[in-house]
Every structure is written in structure tokens, then in C-alpha cells.
Amino acid sequence: MILSDYLAQADALAQACRALLDGLDPATRLDVAKGQLNALKDERLAELQGALRALPAEDRRGAGGAFNSLKTALQDALDAVGARQAATSGTASVDGTMPARRSWRGSLHPVTLVIDEICEIFRELGFTIALGPEAETEWYNFGALNFPADHPAMELHDTLYLGDDTLLRTHTSPVQVRTLQRFAPPVRVLAPGQVYRRDFFDATHAPAFMQLEGLAIDEGVSFVDLKATLAEFARRFYGASRRVRFGPSYFPFVEPGAQMDVEVDLGDGKGLRWVEILGCGMVHPNVIEAAGLDSEKYTGWAFGMGPARIAMSRYGVNDIRTLYDSDVRFLEQFAR
């Protein structure tokens with residue numbers, strides 16, 4: 001073989017490959033086009049590479065350059081096919097007449113919605129928001145709230161201890177004492193926050209949950225003020241036609257203690273029924289004294305509720321665990 005024959009064969013292979021690529025259907029995938037090209041050129045390229053050794057020494061340089069140029073030209077042609085397909089695909093995927101996809105927007109959790117609504121109602125009744133630490137001392141969590149030293153709530157099976165005298169608060173009641181130590185009466189505060197208890201996670205209990213407590217301390221405050229304020233809250237939250245009732249209950253930090261029930265329709269077809277929504281009572285004189293105030297001069301009342309259970313009664317939820325599942329399909333029903 002002489003150099004001119006070698007160059008003619010290389011040129012013929014280049015033309016055949018270009019014809020193959022130019023004749024491809026635009027819908028042909030790039031990997032399919034590459035396979036067809038390889039089937040055409042691989043054997044003939046191998047023959048041309050082997051023929052280099054049969055050429056005279058003075059012709060091998062020129063033939064080798066032609067061989068490399070052929071390989072580069074074929075790869076460039078294949079790249080051009082890929083670029084042409086990408087451009088065509090990109091253009092075809094844009095349809096200006098199609099409506100835009102609905103963008104997903106986050107919303108407030110049902111429990112957060114309830115807390116915000118309750119806080120707004122009590123703001124209109126003269127209350128402000130007070131916050132406190134979630135890691136508390138045993139004295140603030142129990143001692144200052146008139147818990148006896150042998151109360152079962154102080155045992156390890158009920159309370160999560162972080163150290164000898166430090167624990168995760170079991171209620172937001174310590175905020176009441178801390179507030180009275182900082183501010184002189186009259187005091188009207190609402191204390192929302194996360195609390196922790198060693199409860200089993202079931203349909204009505206959770207080991208970590210939000211709690212919301214209220215406190216009113218002043219001269220001459222009576223149980224009548226407690227009933228009037230909480231009844232007004234219930235009418236604003238559940239509706240003016242809802243009835244409320246108070247029954248006796250016991251809490252170490254109030255005397256007397258009570259629970260408040262509201263007539264609620266839980267949406268299960270059984271109609272209105274009495275549902276307990278909070279515990280309350282007159283602040284125990286020992287709690288007032290522990291905060292550094294004179295219990296002969298000041299009286300007050302307090303209440304505590306679980307916003308998650310309030311949300312259950314508001315939205316007809318019968319299992320508290322669904323509020324913790326983070327299932328968007330469930331939560332978006334209450335989005336605002």
C-alpha cells in the first residue's frame with residue numbers, strides 16, 4: 001500500500017461515518033448513535049492502524065497524522081450529534097402555554113395556631129407573655145410550688161433529671177415564681193413552652209409537649225375573677241353559645257383547685273359533650289410566700305392547659321400522635 005491509497009481509505013471511512021450521523025433520526029438516543037458509529041468504524045479503523053506498519057518509513061509520518069485527524073473528526077461529529085439532540089430536547093421541553101406548577105408553601109402547625117389564638121385572646125384581657133428555661137432546678141419546679149418532698153412526681157419514673165438538682169421542667173409553672181420574683185404585682189402573665197415527662201407515647205399522652213399556663217396576682221383577687229376570665233376565654237375560643245362548668249380538683253400549688261369543662265362537638269357524630277380543657281385554682285399562699293410576696297396582702301389565680309389537647313378538641317383529632325407525625329397530607333388540612 002502506498003500513501004495515496006491509505007489517505008483515500010481514510011477519507012472514504014470519514015465520509016461514511018458522516019453520512020451515518022447525518023442520516024440519524026433526531027429522536028435517536030446518543031448511546032444508540034454511538035453504537036451504530038462504532039459498528040461502522042471500529043473494524044476499518046483497526047485495519048488502517050495495522051496498515052501503517054506496511055507503509056514505507058518515509059510515508060508513515062503523513063499517514064499517522066491523517067489517522068489521528070480521522071479519529072478526532074469522528075469524535076467531533078459524534079459530539080455535534082449530542083449537542084444537537086440536547087438543544088432540540090431543551091426547546092421541546094418548554095411550553096409557554098402550560099400553567100406553572102403550584103409552589104409548596106409551609107404553614108403553622110395546628111398546635112402553634114392554637115397557642116397563637118389563645119395568647120391573642122389573653123392579650124386582649126390584659127395578659128403579657130412570660131418565658132423561662134426548660135432546664136430547671138428542683139426547687140423552682142417542685143419546692144417553690146408547694147410540692148411535698150415525698151411527692152411521686154419527683155421520682156425518677158416521672159421526671160427526667162439532668163443532674164443532682166437539675167431536671168427538664170415538667171410544667172411551665174416555674175415561670176410563675178420567676179415572674180413574681182422579678183416584677184411586683186399586679187401581674188398577669190401567660191407562659192407557653194415545652195415541657196417533658198416520662199409518659200408513654202399513646203393516643204392521649206406524649207413525653208414532650210407544649211403547655212400554656214396563666215397567672216394573675218393582685219390585691220383582692222378572688223375565685224370569681226378566675227371563673228369570669230376563663231369563661232370569657234372559652235366563649236371567645238369555642239363560640240359564644242358554648243357552656244362551661246367548673247368542678248373540684250387537686251393541685252399542690254393551688255387551693256382551692258378546679259378543672260374547667262367545655263361543651264364541645266368532637267365531630268364524631270355524638271354531638272356536644274363535656275370535655276376537660278384545663279386545670280385551675282387560687283394560688284396557694286405557700287407559692288406566693290416562696291416568690292417573696294406577702295400572702296396576706298396578695299392573692300391570685302392560675303390555670304394550665306395542654307394546647308395539643310385543645311387542638312384535638314378544636315379540629316376533631318382523636319389521637320395526639322398524629323400531631324407529631326409531620327405528615328404534610330394531614331397537617332395541610334389546617335394550614336392558613
# chains A, B, ... in the order shown; residues from 1 in each chain; ligands from 1
>>> select_by_dssp(residues="region 156-232 of chain A", states="strand (DSSP E)", output="PyMOL selection string")
chain A and resi 166-168+187-196+208-218
>>> residues_around(residues="Cys119 (chain A)", least_positions_apart="5", cutoff="9 Å", atoms="only C-alpha atoms", output="list in words")
Val114, Glu124, Phe127, Thr128, Ile129, Leu190 and Pro192 of chain A
>>> closest_residue(among="A:Thr299, A:Gln36, A:Ser326, A:Ser107", to="His284 (chain A)", atoms="only C-alpha atoms")
A:Thr299
>>> residues_around(residues="Ala12 (chain A)", least_positions_apart="4", cutoff="12 Å", atoms="only C-alpha atoms", output="list in words")
Asp5, Tyr6, Leu7, Ala8, Ala16, Cys17, Arg18, Ala19, Leu40, Lys41, Arg44, Leu45, Leu48 and Leu70 of chain A
>>> write_last_selection(atoms="C-alpha atoms", output="PDB file, in the first residue's frame")
ATOM      1  CA  ASP A   5      -4.175   4.644  -1.155  1.00  0.00           C
ATOM      2  CA  TYR A   6      -4.019   4.963   2.629  1.00  0.00           C
ATOM      3  CA  LEU A   7      -5.311   8.535   2.542  1.00  0.00           C
ATOM      4  CA  ALA A   8      -8.119   7.554   0.162  1.00  0.00           C
ATOM      5  CA  ALA A  16     -19.258   7.004   5.511  1.00  0.00           C
ATOM      6  CA  CYS A  17     -19.324   7.926   9.196  1.00  0.00           C
ATOM      7  CA  ARG A  18     -20.530  11.459   8.489  1.00  0.00           C
ATOM      8  CA  ALA A  19     -23.298  10.088   6.261  1.00  0.00           C
ATOM      9  CA  LEU A  40     -19.179   1.013  11.237  1.00  0.00           C
ATOM     10  CA  LYS A  41     -15.742   2.379  12.070  1.00  0.00           C
ATOM     11  CA  ARG A  44     -11.970  -0.302   9.471  1.00  0.00           C
ATOM     12  CA  LEU A  45     -10.032   1.892  11.925  1.00  0.00           C
ATOM     13  CA  LEU A  48      -5.992   1.444   8.893  1.00  0.00           C
ATOM     14  CA  LEU A  70      -9.703  10.979  11.310  1.00  0.00           C
TER      15      LEU A  70
END
>>> select_by_dssp(residues="region 27-264 of chain A", states="alpha helix (DSSP H)", output="VMD selection string")
chain A and resid 30 to 51 57 to 92 110 to 124 138 to 141 174 to 182 223 to 238
>>> residues_around(residues="Tyr250 (chain A)", least_positions_apart="3", cutoff="9 Å", atoms="only C-alpha atoms", output="PyMOL selection string")
chain A and resi 253-259+279+281
>>> write_last_selection(atoms="N, CA and C atoms", output="short mmCIF file (atom, residue, chain, number, x, y, z; two decimals), in the first residue's frame")
data_model
loop_
_atom_site.label_atom_id
_atom_site.label_comp_id
_atom_site.auth_asym_id
_atom_site.auth_seq_id
_atom_site.Cartn_x
_atom_site.Cartn_y
_atom_site.Cartn_z
N PHE A 253 -50.17 23.36 94.05
CA PHE A 253 -49.84 24.78 94.04
C PHE A 253 -51.07 25.69 94.02
N VAL A 254 -52.27 25.11 94.12
CA VAL A 254 -53.48 25.94 94.21
C VAL A 254 -54.38 25.42 95.34
N GLU A 255 -55.16 26.32 95.90
CA GLU A 255 -56.13 25.95 96.95
C GLU A 255 -57.19 27.04 97.05
N PRO A 256 -58.43 26.81 96.69
CA PRO A 256 -58.93 25.53 96.16
C PRO A 256 -58.54 25.33 94.69
N GLY A 257 -58.61 24.06 94.24
CA GLY A 257 -58.31 23.73 92.86
C GLY A 257 -59.56 23.31 92.11
N ALA A 258 -59.53 23.47 90.80
CA ALA A 258 -60.70 23.13 89.98
C ALA A 258 -60.27 22.70 88.60
N GLN A 259 -61.19 22.10 87.88
CA GLN A 259 -61.00 21.84 86.46
C GLN A 259 -62.15 22.49 85.72
N GLY A 279 -56.86 22.81 84.04
CA GLY A 279 -56.94 22.82 85.50
C GLY A 279 -56.63 24.22 86.00
N GLY A 281 -57.14 27.20 89.70
CA GLY A 281 -57.41 27.37 91.12
C GLY A 281 -56.75 28.63 91.65
#
>>> closest_residue(among="A:Arg273, A:His171, A:Arg105, A:Arg235", to="Gly193 (chain A)", atoms="only C-alpha atoms")
A:His171
>>> residues_around(residues="Phe183 (chain A)", least_positions_apart="5", cutoff="12 Å", atoms="only C-alpha atoms", output="PyMOL selection string")
chain A and resi 130+175-178+188-189+217-218+291-293
>>> write_last_selection(atoms="C-alpha atoms", output="PDB file, in the first residue's frame")
ATOM      1  CA  ALA A 130     -43.512  35.343  80.027  1.00  0.00           C
ATOM      2  CA  VAL A 175     -42.231  30.687  85.187  1.00  0.00           C
ATOM      3  CA  GLN A 176     -44.887  31.937  87.618  1.00  0.00           C
ATOM      4  CA  VAL A 177     -42.415  32.031  90.518  1.00  0.00           C
ATOM      5  CA  ARG A 178     -39.635  33.538  88.420  1.00  0.00           C
ATOM      6  CA  ARG A 188     -50.960  38.990  84.660  1.00  0.00           C
ATOM      7  CA  VAL A 189     -48.832  36.681  82.507  1.00  0.00           C
ATOM      8  CA  ILE A 217     -51.705  38.184  91.154  1.00  0.00           C
ATOM      9  CA  ASP A 218     -53.038  41.362  92.763  1.00  0.00           C
ATOM     10  CA  ALA A 291     -41.834  34.064  95.495  1.00  0.00           C
ATOM     11  CA  GLY A 292     -41.107  36.627  98.226  1.00  0.00           C
ATOM     12  CA  LEU A 293     -44.563  38.212  98.450  1.00  0.00           C
TER      13      LEU A 293
END
>>> atom_distance(atom1="CA of Ala66 (chain A)", atom2="CA of Ala10 (chain A)")
7.5 Å
>>> closest_residue(among="A:Leu226, A:Ala191, A:Ser241, A:Pro285", to="Glu134 (chain A)", atoms="only C-alpha atoms")
A:Ala191
>>> atom_distance(atom1="CA of Glu289 (chain A)", atom2="CA of Thr229 (chain A)")
24.4 Å
>>> atom_distance(atom1="CA of Glu138 (chain A)", atom2="CA of Pro186 (chain A)")
26.7 Å
>>> residues_around(residues="Phe67 (chain A)", least_positions_apart="5", cutoff="12 Å", atoms="only C-alpha atoms", output="ChimeraX atom specification")
/A:3,6-11,13-14,44-52,60-62,72-74
